[in-house]
>>> print(open('data.cif').read())   # mmCIF, N, CA, C and O atoms
data_coords
loop_
_atom_site.label_atom_id
_atom_site.label_comp_id
_atom_site.auth_asym_id
_atom_site.auth_seq_id
_atom_site.Cartn_x
_atom_site.Cartn_y
_atom_site.Cartn_z
N MET A 1 -28.15 2.41 6.73
CA MET A 1 -29.01 2.73 5.61
C MET A 1 -30.44 2.57 6.04
O MET A 1 -30.79 1.65 6.78
N GLY A 2 -31.27 3.44 5.57
CA GLY A 2 -32.69 3.34 5.84
C GLY A 2 -33.48 3.75 4.62
O GLY A 2 -33.00 4.49 3.77
N TRP A 3 -34.68 3.24 4.52
CA TRP A 3 -35.56 3.58 3.43
C TRP A 3 -36.75 4.35 4.00
O TRP A 3 -37.14 4.15 5.14
N ASN A 4 -37.33 5.19 3.19
CA ASN A 4 -38.42 6.04 3.64
C ASN A 4 -39.78 5.42 3.34
O ASN A 4 -40.71 6.08 2.93
N LYS A 5 -39.88 4.11 3.56
CA LYS A 5 -41.14 3.43 3.33
C LYS A 5 -41.25 2.29 4.34
O LYS A 5 -40.29 1.55 4.55
N ARG A 6 -42.39 2.15 4.94
CA ARG A 6 -42.59 1.04 5.88
C ARG A 6 -42.73 -0.26 5.11
O ARG A 6 -43.32 -0.31 4.04
N SER A 7 -42.20 -1.31 5.68
CA SER A 7 -42.39 -2.63 5.07
C SER A 7 -42.16 -3.70 6.12
O SER A 7 -41.74 -3.43 7.25
N SER A 8 -42.39 -4.91 5.73
CA SER A 8 -42.25 -6.04 6.65
C SER A 8 -40.83 -6.58 6.67
O SER A 8 -40.54 -7.51 7.39
N GLY A 9 -39.94 -6.03 5.87
CA GLY A 9 -38.58 -6.55 5.78
C GLY A 9 -38.37 -7.45 4.59
O GLY A 9 -37.27 -7.90 4.34
N ASN A 10 -39.44 -7.69 3.85
CA ASN A 10 -39.35 -8.56 2.67
C ASN A 10 -39.47 -7.78 1.36
O ASN A 10 -39.24 -8.34 0.31
N ARG A 11 -39.83 -6.52 1.43
CA ARG A 11 -40.01 -5.72 0.23
C ARG A 11 -38.96 -4.63 0.20
O ARG A 11 -38.70 -3.98 1.19
N TYR A 12 -38.37 -4.44 -0.96
CA TYR A 12 -37.34 -3.42 -1.14
C TYR A 12 -37.71 -2.57 -2.35
O TYR A 12 -37.04 -2.62 -3.37
N ASP A 13 -38.77 -1.80 -2.24
CA ASP A 13 -39.22 -1.01 -3.38
C ASP A 13 -39.43 0.47 -3.05
O ASP A 13 -40.22 1.14 -3.68
N SER A 14 -38.71 0.97 -2.08
CA SER A 14 -38.82 2.37 -1.70
C SER A 14 -38.22 3.26 -2.79
O SER A 14 -37.25 2.89 -3.45
N ASN A 15 -38.78 4.44 -2.97
CA ASN A 15 -38.27 5.37 -3.97
C ASN A 15 -37.15 6.26 -3.45
O ASN A 15 -36.54 6.98 -4.21
N SER A 16 -36.89 6.23 -2.16
CA SER A 16 -35.80 7.04 -1.61
C SER A 16 -35.21 6.35 -0.38
O SER A 16 -35.85 5.51 0.26
N GLY A 17 -33.97 6.71 -0.09
CA GLY A 17 -33.30 6.13 1.06
C GLY A 17 -32.17 7.04 1.52
O GLY A 17 -31.76 7.96 0.80
N HIS A 18 -31.66 6.79 2.70
CA HIS A 18 -30.58 7.60 3.25
C HIS A 18 -29.57 6.68 3.93
O HIS A 18 -29.92 5.63 4.46
N ALA A 19 -28.30 7.09 3.87
CA ALA A 19 -27.22 6.31 4.48
C ALA A 19 -26.32 7.25 5.26
O ALA A 19 -26.04 8.37 4.82
N PHE A 20 -25.86 6.80 6.41
CA PHE A 20 -24.95 7.57 7.25
C PHE A 20 -23.74 6.71 7.58
O PHE A 20 -23.87 5.51 7.81
N VAL A 21 -22.57 7.31 7.61
CA VAL A 21 -21.37 6.65 8.10
C VAL A 21 -21.00 7.34 9.41
O VAL A 21 -20.84 8.57 9.45
N ILE A 22 -20.90 6.56 10.46
CA ILE A 22 -20.63 7.10 11.80
C ILE A 22 -19.24 6.69 12.22
O ILE A 22 -18.85 5.52 12.09
N GLY A 23 -18.45 7.64 12.73
CA GLY A 23 -17.09 7.37 13.15
C GLY A 23 -17.05 6.45 14.36
O GLY A 23 -17.83 6.60 15.30
N ALA A 24 -16.10 5.50 14.34
CA ALA A 24 -15.99 4.53 15.43
C ALA A 24 -15.53 5.18 16.73
O ALA A 24 -15.98 4.82 17.81
N ARG A 25 -14.65 6.15 16.64
CA ARG A 25 -14.13 6.81 17.85
C ARG A 25 -14.95 8.01 18.27
O ARG A 25 -15.14 8.25 19.46
N SER A 26 -15.42 8.77 17.31
CA SER A 26 -16.12 10.01 17.64
C SER A 26 -17.62 9.80 17.85
O SER A 26 -18.27 10.65 18.46
N ASN A 27 -18.18 8.72 17.32
CA ASN A 27 -19.63 8.48 17.35
C ASN A 27 -20.42 9.62 16.73
O ASN A 27 -21.55 9.90 17.11
N LYS A 28 -19.79 10.30 15.77
CA LYS A 28 -20.44 11.39 15.05
C LYS A 28 -20.59 10.99 13.59
O LYS A 28 -19.86 10.16 13.08
N ILE A 29 -21.54 11.62 12.93
CA ILE A 29 -21.77 11.34 11.51
C ILE A 29 -20.60 11.91 10.72
O ILE A 29 -20.30 13.09 10.78
N VAL A 30 -19.93 11.04 9.97
CA VAL A 30 -18.78 11.43 9.17
C VAL A 30 -19.25 11.90 7.79
O VAL A 30 -18.76 12.87 7.25
N ASP A 31 -20.19 11.18 7.20
CA ASP A 31 -20.71 11.55 5.89
C ASP A 31 -22.11 10.95 5.74
O ASP A 31 -22.47 10.02 6.46
N LEU A 32 -22.86 11.47 4.80
CA LEU A 32 -24.21 10.96 4.57
C LEU A 32 -24.52 11.04 3.09
O LEU A 32 -23.90 11.78 2.34
N ARG A 33 -25.49 10.25 2.68
CA ARG A 33 -25.93 10.23 1.30
C ARG A 33 -27.44 10.02 1.28
O ARG A 33 -27.96 9.17 2.00
N VAL A 34 -28.13 10.80 0.48
CA VAL A 34 -29.57 10.66 0.29
C VAL A 34 -29.80 10.33 -1.18
O VAL A 34 -29.35 11.05 -2.06
N LEU A 35 -30.48 9.22 -1.44
CA LEU A 35 -30.75 8.78 -2.80
C LEU A 35 -32.25 8.81 -3.08
O LEU A 35 -33.05 8.47 -2.21
N SER A 36 -32.61 9.21 -4.28
CA SER A 36 -34.00 9.29 -4.67
C SER A 36 -34.17 8.80 -6.10
O SER A 36 -33.35 9.11 -6.97
N LYS A 37 -35.23 8.04 -6.34
CA LYS A 37 -35.49 7.51 -7.67
C LYS A 37 -36.54 8.31 -8.43
O LYS A 37 -36.68 8.13 -9.63
N THR A 38 -37.28 9.16 -7.77
CA THR A 38 -38.35 9.91 -8.42
C THR A 38 -38.32 11.38 -8.02
O THR A 38 -37.71 11.76 -7.02
N CYS A 39 -39.01 12.19 -8.79
CA CYS A 39 -39.16 13.62 -8.49
C CYS A 39 -40.59 14.01 -8.83
O CYS A 39 -41.03 13.87 -9.97
N ARG A 40 -41.33 14.49 -7.85
CA ARG A 40 -42.74 14.86 -8.07
C ARG A 40 -42.88 16.01 -9.05
O ARG A 40 -43.82 16.05 -9.84
N VAL A 41 -41.95 16.96 -9.01
CA VAL A 41 -42.03 18.12 -9.91
C VAL A 41 -41.88 17.66 -11.36
O VAL A 41 -42.64 18.06 -12.24
N CYS A 42 -40.91 16.78 -11.60
CA CYS A 42 -40.69 16.28 -12.96
C CYS A 42 -41.86 15.41 -13.43
O CYS A 42 -42.26 15.50 -14.59
N GLN A 43 -42.40 14.59 -12.53
CA GLN A 43 -43.54 13.75 -12.90
C GLN A 43 -44.75 14.60 -13.26
O GLN A 43 -45.45 14.32 -14.25
N TYR A 44 -45.02 15.65 -12.49
CA TYR A 44 -46.15 16.52 -12.76
C TYR A 44 -45.96 17.25 -14.09
O TYR A 44 -46.89 17.35 -14.90
N ALA A 45 -44.75 17.76 -14.31
CA ALA A 45 -44.47 18.48 -15.56
C ALA A 45 -44.61 17.55 -16.76
O ALA A 45 -45.10 17.96 -17.82
N GLU A 46 -44.18 16.31 -16.60
CA GLU A 46 -44.30 15.34 -17.69
C GLU A 46 -45.76 15.06 -18.03
O GLU A 46 -46.13 14.96 -19.21
N LYS A 47 -46.60 14.96 -17.01
CA LYS A 47 -48.03 14.75 -17.25
C LYS A 47 -48.66 15.94 -17.97
O LYS A 47 -49.57 15.79 -18.78
N GLN A 48 -48.17 17.15 -17.64
CA GLN A 48 -48.71 18.37 -18.26
C GLN A 48 -48.10 18.62 -19.63
O GLN A 48 -48.53 19.53 -20.34
N GLY A 49 -47.05 17.88 -19.98
CA GLY A 49 -46.38 18.09 -21.26
C GLY A 49 -45.47 19.30 -21.27
O GLY A 49 -45.21 19.89 -22.31
N LYS A 50 -44.98 19.67 -20.11
CA LYS A 50 -44.11 20.84 -19.97
C LYS A 50 -42.70 20.41 -19.59
O LYS A 50 -42.48 19.30 -19.14
N GLN A 51 -41.76 21.33 -19.77
CA GLN A 51 -40.40 21.11 -19.30
C GLN A 51 -40.14 22.07 -18.15
O GLN A 51 -40.56 23.22 -18.18
N VAL A 52 -39.43 21.57 -17.15
CA VAL A 52 -39.21 22.34 -15.94
C VAL A 52 -37.72 22.46 -15.66
O VAL A 52 -36.98 21.50 -15.84
N GLN A 53 -37.29 23.64 -15.25
CA GLN A 53 -35.90 23.86 -14.83
C GLN A 53 -35.90 23.99 -13.31
O GLN A 53 -36.45 24.93 -12.77
N HIS A 54 -35.29 23.00 -12.62
CA HIS A 54 -35.21 23.06 -11.17
C HIS A 54 -34.10 22.13 -10.69
O HIS A 54 -33.52 21.38 -11.48
N VAL A 55 -33.79 22.19 -9.43
CA VAL A 55 -32.79 21.30 -8.84
C VAL A 55 -33.51 19.99 -8.52
O VAL A 55 -34.28 19.90 -7.57
N CYS A 56 -33.26 18.99 -9.33
CA CYS A 56 -33.98 17.73 -9.23
C CYS A 56 -33.30 16.79 -8.24
O CYS A 56 -32.10 16.56 -8.33
N PRO A 57 -34.05 16.23 -7.28
CA PRO A 57 -33.44 15.32 -6.31
C PRO A 57 -33.24 13.91 -6.85
O PRO A 57 -32.66 13.07 -6.18
N ASN A 58 -33.70 13.65 -8.07
CA ASN A 58 -33.59 12.32 -8.67
C ASN A 58 -32.11 12.04 -8.98
O ASN A 58 -31.56 12.56 -9.93
N ASN A 59 -31.46 11.19 -8.16
CA ASN A 59 -30.04 10.92 -8.34
C ASN A 59 -29.70 9.43 -8.33
O ASN A 59 -28.55 9.06 -8.15
N TYR A 60 -30.71 8.59 -8.53
CA TYR A 60 -30.47 7.15 -8.51
C TYR A 60 -31.44 6.48 -9.48
O TYR A 60 -32.62 6.80 -9.50
N SER A 61 -30.91 5.54 -10.28
CA SER A 61 -31.77 4.90 -11.27
C SER A 61 -31.80 3.38 -11.17
O SER A 61 -32.52 2.74 -11.92
N GLY A 62 -31.05 2.80 -10.26
CA GLY A 62 -31.01 1.34 -10.13
C GLY A 62 -32.15 0.81 -9.30
O GLY A 62 -33.05 1.55 -8.88
N PRO A 63 -32.12 -0.50 -9.02
CA PRO A 63 -33.16 -1.08 -8.16
C PRO A 63 -33.02 -0.63 -6.71
O PRO A 63 -31.91 -0.35 -6.23
N SER A 64 -34.11 -0.59 -6.00
CA SER A 64 -34.11 -0.11 -4.61
C SER A 64 -33.26 -0.99 -3.70
O SER A 64 -32.65 -0.50 -2.76
N LYS A 65 -33.19 -2.27 -3.99
CA LYS A 65 -32.45 -3.18 -3.14
C LYS A 65 -30.94 -2.88 -3.15
O LYS A 65 -30.26 -3.09 -2.16
N SER A 66 -30.43 -2.35 -4.26
CA SER A 66 -29.00 -2.05 -4.33
C SER A 66 -28.68 -0.60 -3.94
O SER A 66 -27.54 -0.17 -4.03
N MET A 67 -29.68 0.13 -3.50
CA MET A 67 -29.48 1.52 -3.07
C MET A 67 -28.48 1.60 -1.92
O MET A 67 -27.63 2.49 -1.88
N GLU A 68 -28.57 0.67 -0.98
CA GLU A 68 -27.69 0.65 0.18
C GLU A 68 -26.24 0.50 -0.23
O GLU A 68 -25.37 1.24 0.24
N VAL A 69 -25.95 -0.43 -1.11
CA VAL A 69 -24.59 -0.68 -1.55
C VAL A 69 -24.04 0.51 -2.33
O VAL A 69 -22.89 0.92 -2.14
N ASP A 70 -24.85 1.10 -3.19
CA ASP A 70 -24.41 2.23 -3.99
C ASP A 70 -24.11 3.44 -3.11
O ASP A 70 -23.12 4.14 -3.33
N ALA A 71 -24.94 3.70 -2.11
CA ALA A 71 -24.70 4.82 -1.20
C ALA A 71 -23.40 4.64 -0.44
O ALA A 71 -22.59 5.56 -0.34
N LEU A 72 -23.18 3.44 0.08
CA LEU A 72 -21.95 3.17 0.83
C LEU A 72 -20.73 3.28 -0.06
O LEU A 72 -19.71 3.86 0.33
N LEU A 73 -20.80 2.77 -1.27
CA LEU A 73 -19.67 2.85 -2.19
C LEU A 73 -19.34 4.30 -2.51
O LEU A 73 -18.16 4.69 -2.50
N ASN A 74 -20.34 5.13 -2.77
CA ASN A 74 -20.09 6.56 -3.04
C ASN A 74 -19.44 7.25 -1.86
O ASN A 74 -18.53 8.06 -2.03
N ILE A 75 -19.89 6.94 -0.67
CA ILE A 75 -19.31 7.56 0.53
C ILE A 75 -17.86 7.14 0.69
O ILE A 75 -16.98 7.97 0.93
N VAL A 76 -17.58 5.85 0.57
CA VAL A 76 -16.21 5.34 0.78
C VAL A 76 -15.25 5.88 -0.27
O VAL A 76 -14.11 6.22 0.04
N VAL A 77 -15.70 6.00 -1.51
CA VAL A 77 -14.83 6.51 -2.58
C VAL A 77 -14.51 7.99 -2.35
O VAL A 77 -13.38 8.43 -2.57
N GLU A 78 -15.48 8.78 -1.92
CA GLU A 78 -15.28 10.22 -1.76
C GLU A 78 -14.70 10.62 -0.42
O GLU A 78 -14.22 11.74 -0.26
N LEU A 79 -14.72 9.75 0.56
CA LEU A 79 -14.30 10.10 1.91
C LEU A 79 -12.83 10.53 2.02
O LEU A 79 -12.55 11.54 2.66
N PRO A 80 -11.86 9.83 1.41
CA PRO A 80 -10.47 10.29 1.54
C PRO A 80 -10.25 11.71 1.01
O PRO A 80 -9.53 12.50 1.62
N GLU A 81 -10.90 12.03 -0.09
CA GLU A 81 -10.75 13.38 -0.65
C GLU A 81 -11.36 14.42 0.28
O GLU A 81 -10.79 15.49 0.49
N LYS A 82 -12.51 14.13 0.86
CA LYS A 82 -13.14 15.07 1.79
C LYS A 82 -12.29 15.27 3.03
O LYS A 82 -12.13 16.38 3.51
N CYS A 83 -11.74 14.19 3.56
CA CYS A 83 -10.89 14.30 4.76
C CYS A 83 -9.63 15.10 4.46
O CYS A 83 -9.19 15.91 5.26
N TYR A 84 -9.04 14.89 3.30
CA TYR A 84 -7.85 15.62 2.90
C TYR A 84 -8.14 17.11 2.78
O TYR A 84 -7.38 17.94 3.25
N ASN A 85 -9.26 17.46 2.17
CA ASN A 85 -9.64 18.86 2.01
C ASN A 85 -9.92 19.53 3.35
O ASN A 85 -9.62 20.69 3.54
N ARG A 86 -10.49 18.80 4.30
CA ARG A 86 -10.78 19.37 5.62
C ARG A 86 -9.49 19.69 6.37
O ARG A 86 -9.38 20.69 7.04
N ARG A 87 -8.49 18.82 6.26
CA ARG A 87 -7.22 19.03 6.96
C ARG A 87 -6.46 20.21 6.38
O ARG A 87 -5.77 20.92 7.09
N ASN A 88 -6.55 20.43 5.09
CA ASN A 88 -5.79 21.49 4.44
C ASN A 88 -6.47 22.85 4.54
O ASN A 88 -5.89 23.84 4.12
N ARG A 89 -7.68 22.92 5.06
CA ARG A 89 -8.35 24.21 5.21
C ARG A 89 -7.75 25.03 6.33
O ARG A 89 -7.78 26.24 6.31
N PHE A 90 -7.19 24.38 7.33
CA PHE A 90 -6.72 25.12 8.49
C PHE A 90 -5.27 25.51 8.39
O PHE A 90 -4.45 24.99 7.80
#
>>> encode(input="data.cif", output="structure tokens")
Amino acid sequence: MGWNKRSSGNRYDSNSGHAFVIGARSNKIVDLRVLSKTCRVCQYAEKQGKQVQHVCPNNYSGPSKSMEVDALLNIVVELPEKCYNRRNRF
């Protein structure tokens, strides 16, 4: 897991983060998750008093410190289904 903000290791207030699961045998990325707490387009539209229709990257509402755990949990829960679907495609 990584956050897109520099810090000294004592602050956990980044607005976005990314997590990767890497296979032990293949050393390849098995799955990934990108979490974001804010959206610049939505914030700008809110300031202007407008409503906007777009694909919003805002997909996380909890504290930044628990972003890592939430990303890993989502990956682990969805991984068996993804692996099953990949095997049945061929």
>>> select_by_dssp(input="data.cif", residues="chain A", states="helix (DSSP H, G or I)", output="ChimeraX atom specification")
/A:40-48,64-88
>>> atom_distance(input="data.cif", atom1="atom O of Asp70 in chain A", atom2="atom O of Lys82 in chain A")
17.8 Å
>>> atom_distance(input="data.cif", atom1="CA of Asn15 in chain A", atom2="CA of Lys37 in chain A")
5.1 Å
>>> atom_distance(input="data.cif", atom1="atom N of Val69 in chain A", atom2="atom N of Val21 in chain A")
12.1 Å
>>> residues_around(input="data.cif", residues="Met67 in chain A", least_positions_apart="6", cutoff="12 Å", atoms="only C-alpha atoms", output="ChimeraX atom specification")
/A:1-3,12-19,33-37,59-61,73-74
